[in-house]
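First comes the structure, then the notes that go with it.
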Amino acid sequence: MSTNKHAIIRYQTLDKCFSNTGKRYYIEDLLEACNDAIFNFDAVSGGIKKRQLYDDIKFMESVQGWSIPLEKRKDGRRAFYRYENPSFSINNQPLNDEEAEQLKSAMLVLTRFKGLPQFEWIHELLPKLDKTFNLYNDNQEIISFDNNQFLKGTDFITPLFKAIQNKQTLIITYKSFKSNVSQHIIFHSYHLKQYNNRWFLFGKDNDYNNLMNLALDRIAILEQSSEAFDESQLVNFEEYFDDFIGVTKPSNAVLTHIRLKASLELSPYIITKPLHGSQKKVSKSDNNFIFSIDVIPNFELTKLLLSFGNQITVIEPLELKNEIVANLNKNIANYN
């Protein structure tokens with residue numbers, strides 16, 4: 001762990017030493033106290049040297065730090081360090097101007113994330129901070145996010161988030177787009193994912209021994225279940241989503257090398273916003289841009305490719321190319 005990442009440990013340790021009137025802390029004592037605290041947190045760390053310690057004290061005394069009232073008292077040829085006021089602590093100080101500006105900017109951004117459970121505390125804290133930081137001193141919004149405020153199912157994000165955290169089995173009343181009848185599903189929730197402005201819950205249904213997802217806008221009721229939580233299908237979701245676009249992973253999933261041709265006009269958009277993390281440039285000419293992606297073909301991939309109209313063409317594999325052609329032919333038939 002880097003020296004900078006240990007900074008908060010060192011500042012807190014020095015704060016305690018400076019406020020301790022029962023012991024004299026010379027520079028060697030301060031260095032030992034800091035390194036002991038770092039070692040307790042990170043046993044493989046090599047600690048810090050005197051130069052870093054002096055830099056820490058200088059920062060704590062500065063306006064950018066906490067402007068600490070530090071005394072350097074002579075004791076013969078040595079000196080020990082102590083707060084002028086023993087009741088002083090960096091933990092009791094108001095934010096400095098730089099910290100206040102950083103907090104204000106962060107709060108203004110976070111207020112845009114309405115409905116997300118991890119940011120519920122923001123809406124409770126805002127009234128308390130408003131008076132200090134004037135978060136709403138004008139009505140002009142300077143940042144916007146792509147957010148559909150009329151989207152159904154967002155009310156379930158908070159209880160589902162908590163169910164995942166607490167490993168609470170749920171009884172979900174769910175009505176699929178493909179059915180007119182609601183189902184009561186005993187569900188073990190693992191992960192929430194947003195894709196294309198819709199939210200999906202990943203987990204295990206008691207009736208099926210595989211990972212599946214439910215769209216939040218099709219959920220009607222959530223209830224707690226007394227059944228033990230089943231983690232048998234829990235996966236590393238960061239890795240799980242690596243090989244496909246969207247939220248659908250077909251049961252017969254096979255990673256496929258796909259070559260695509262984009263128009264020259266579209267190429268800068270494809271280059272700056274890749275379709276997938278595996279995207280690679282194959283060639284570029286005066287007429288087109290050829291590139292490849294390695295993904296599992298699914299509904300979302302087909303829909304994405306069709307959204308580009310005539311500006312993207314599938315070169316291979318033939319199966320995907322034929323699927324795109326069939327969809328385009330149906331589209332043409334709709335206009336005849």
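Residue numbering restarts at 1 in every chain; chains get A, B, ... in the order shown in the structure tokens, and ligands count up from 1 in that same order.
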
Exercise. If you run DSSP on this backbone, which residues of region 159-298 of chain A come out as strand (DSSP E or B), and could you give them as number ranges by chain?
Worked result: A: 170-174, 183-195, 198-205, 211-215, 219-224, 256-263, 280-284, 288-295

Produce a table with one row for each residue of region 238-258 of chain A that has an atom at most 12 Å from any atom of region 264-282 of chain A, each row naming the nearest atom pair and its distance in Å at one decimal; use only C-alpha atoms; arrange rows by chain and rising residue number; format as CSV.
residue,atom,partner,partner_atom,distance
A:Phe241,CA,A:His276,CA,10.7
A:Asp242,CA,A:Gly277,CA,7.9
A:Asp243,CA,A:Ser278,CA,8.6
A:Phe244,CA,A:His276,CA,8.1
A:Ile245,CA,A:His276,CA,7.2
A:Gly246,CA,A:His276,CA,10.3
A:Leu255,CA,A:Ser278,CA,11.4
A:Thr256,CA,A:Ser278,CA,11.2
A:His257,CA,A:Ser278,CA,9.8
A:Ile258,CA,A:Gln279,CA,9.6

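Of note, CA of Leu318 (chain A) and CA of Lys330 (chain A) are spaced 18.3 Å apart.
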
Exercise. So which one's closest to Tyr208 (chain A), A:Ile185, A:Leu222, A:Ile157, A:Ile324? Using only C-alpha atoms, please.
Worked result: A:Ile185

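DSSP on the backbone gives alpha helix (DSSP H) for these parts of region 187-270 of chain A: Phe237, Glu238, Glu239, Tyr240, Ser267, Pro268, Tyr269 and Ile270 of chain A.
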
Could you dump the residues just selected with C-alpha atoms as a PDB file, in the first residue's frame?
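Saved file again_27.pdb follows:
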ATOM      1  CA  PHE A 237     -20.613 -10.710 -11.692  1.00  0.00           C
ATOM      2  CA  GLU A 238     -17.781  -8.527 -12.921  1.00  0.00           C
ATOM      3  CA  GLU A 239     -16.488 -11.565 -14.818  1.00  0.00           C
ATOM      4  CA  TYR A 240     -19.973 -12.884 -15.637  1.00  0.00           C
ATOM      5  CA  SER A 267     -16.199   4.924 -37.378  1.00  0.00           C
ATOM      6  CA  PRO A 268     -15.156   7.744 -34.986  1.00  0.00           C
ATOM      7  CA  TYR A 269     -18.217   7.021 -32.825  1.00  0.00           C
ATOM      8  CA  ILE A 270     -17.400   3.301 -32.757  1.00  0.00           C
TER       9      ILE A 270
END

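Of note, CA of Arg259 (chain A) and CA of Phe299 (chain A) are spaced 17.5 Å apart.
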
Problem set entry | Close residues, Tyr11 (chain A) itself excluded, 10 Å, only C-alpha atoms, min 2 positions apart in chain, as a PyMOL selection string | chain A and resi 6-9+13-17+34+53+56-57+59-60+65+90

Problem set entry | Spatial neighbours of Ile315 (chain A), 7 Å, only C-alpha atoms, chain gap at least 5 places, as a PyMOL selection string | chain A and resi 259-261+321

Written selection (N, CA and C atoms) as a PDB file, in the first residue's frame:
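Final output, saved to result-v9.pdb:
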ATOM      1  N   ARG A 259     -16.926 -10.241 -36.873  1.00  0.00           N
ATOM      2  CA  ARG A 259     -16.294  -9.176 -37.665  1.00  0.00           C
ATOM      3  C   ARG A 259     -17.385  -8.273 -38.229  1.00  0.00           C
ATOM      4  N   LEU A 260     -17.171  -6.980 -38.091  1.00  0.00           N
ATOM      5  CA  LEU A 260     -18.175  -5.996 -38.492  1.00  0.00           C
ATOM      6  C   LEU A 260     -17.548  -4.913 -39.358  1.00  0.00           C
ATOM      7  N   LYS A 261     -18.368  -4.344 -40.223  1.00  0.00           N
ATOM      8  CA  LYS A 261     -17.921  -3.247 -41.092  1.00  0.00           C
ATOM      9  C   LYS A 261     -18.778  -2.023 -40.817  1.00  0.00           C
ATOM     10  N   LYS A 321     -25.202 -12.930 -39.380  1.00  0.00           N
ATOM     11  CA  LYS A 321     -25.505 -12.137 -40.576  1.00  0.00           C
ATOM     12  C   LYS A 321     -26.906 -12.463 -41.092  1.00  0.00           C
TER      13      LYS A 321
END

Problem set entry | Asn197 (chain A) surroundings by only C-alpha atoms, 8 Å radius, close-in-sequence under 6 positions cut, as a list of chain:residue names | A:Asp146, A:Asn147, A:Asn148

Prev. selection, C-alpha atoms, output as a PDB file, in the first residue's frame:
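What landed in part-v1.pdb:
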ATOM      1  CA  ASP A 146     -29.837   9.742 -18.728  1.00  0.00           C
ATOM      2  CA  ASN A 147     -32.590   8.823 -16.292  1.00  0.00           C
ATOM      3  CA  ASN A 148     -36.195   7.816 -17.005  1.00  0.00           C
TER       4      ASN A 148
END

Exercise. What does the distance between CA of Ala326 (chain A) and CA of Asn298 (chain A) come to in Å, to one decimal place?
Worked result: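 Between CA of Ala326 (chain A) and CA of Asn298 (chain A) the gap is 15.2 Å.
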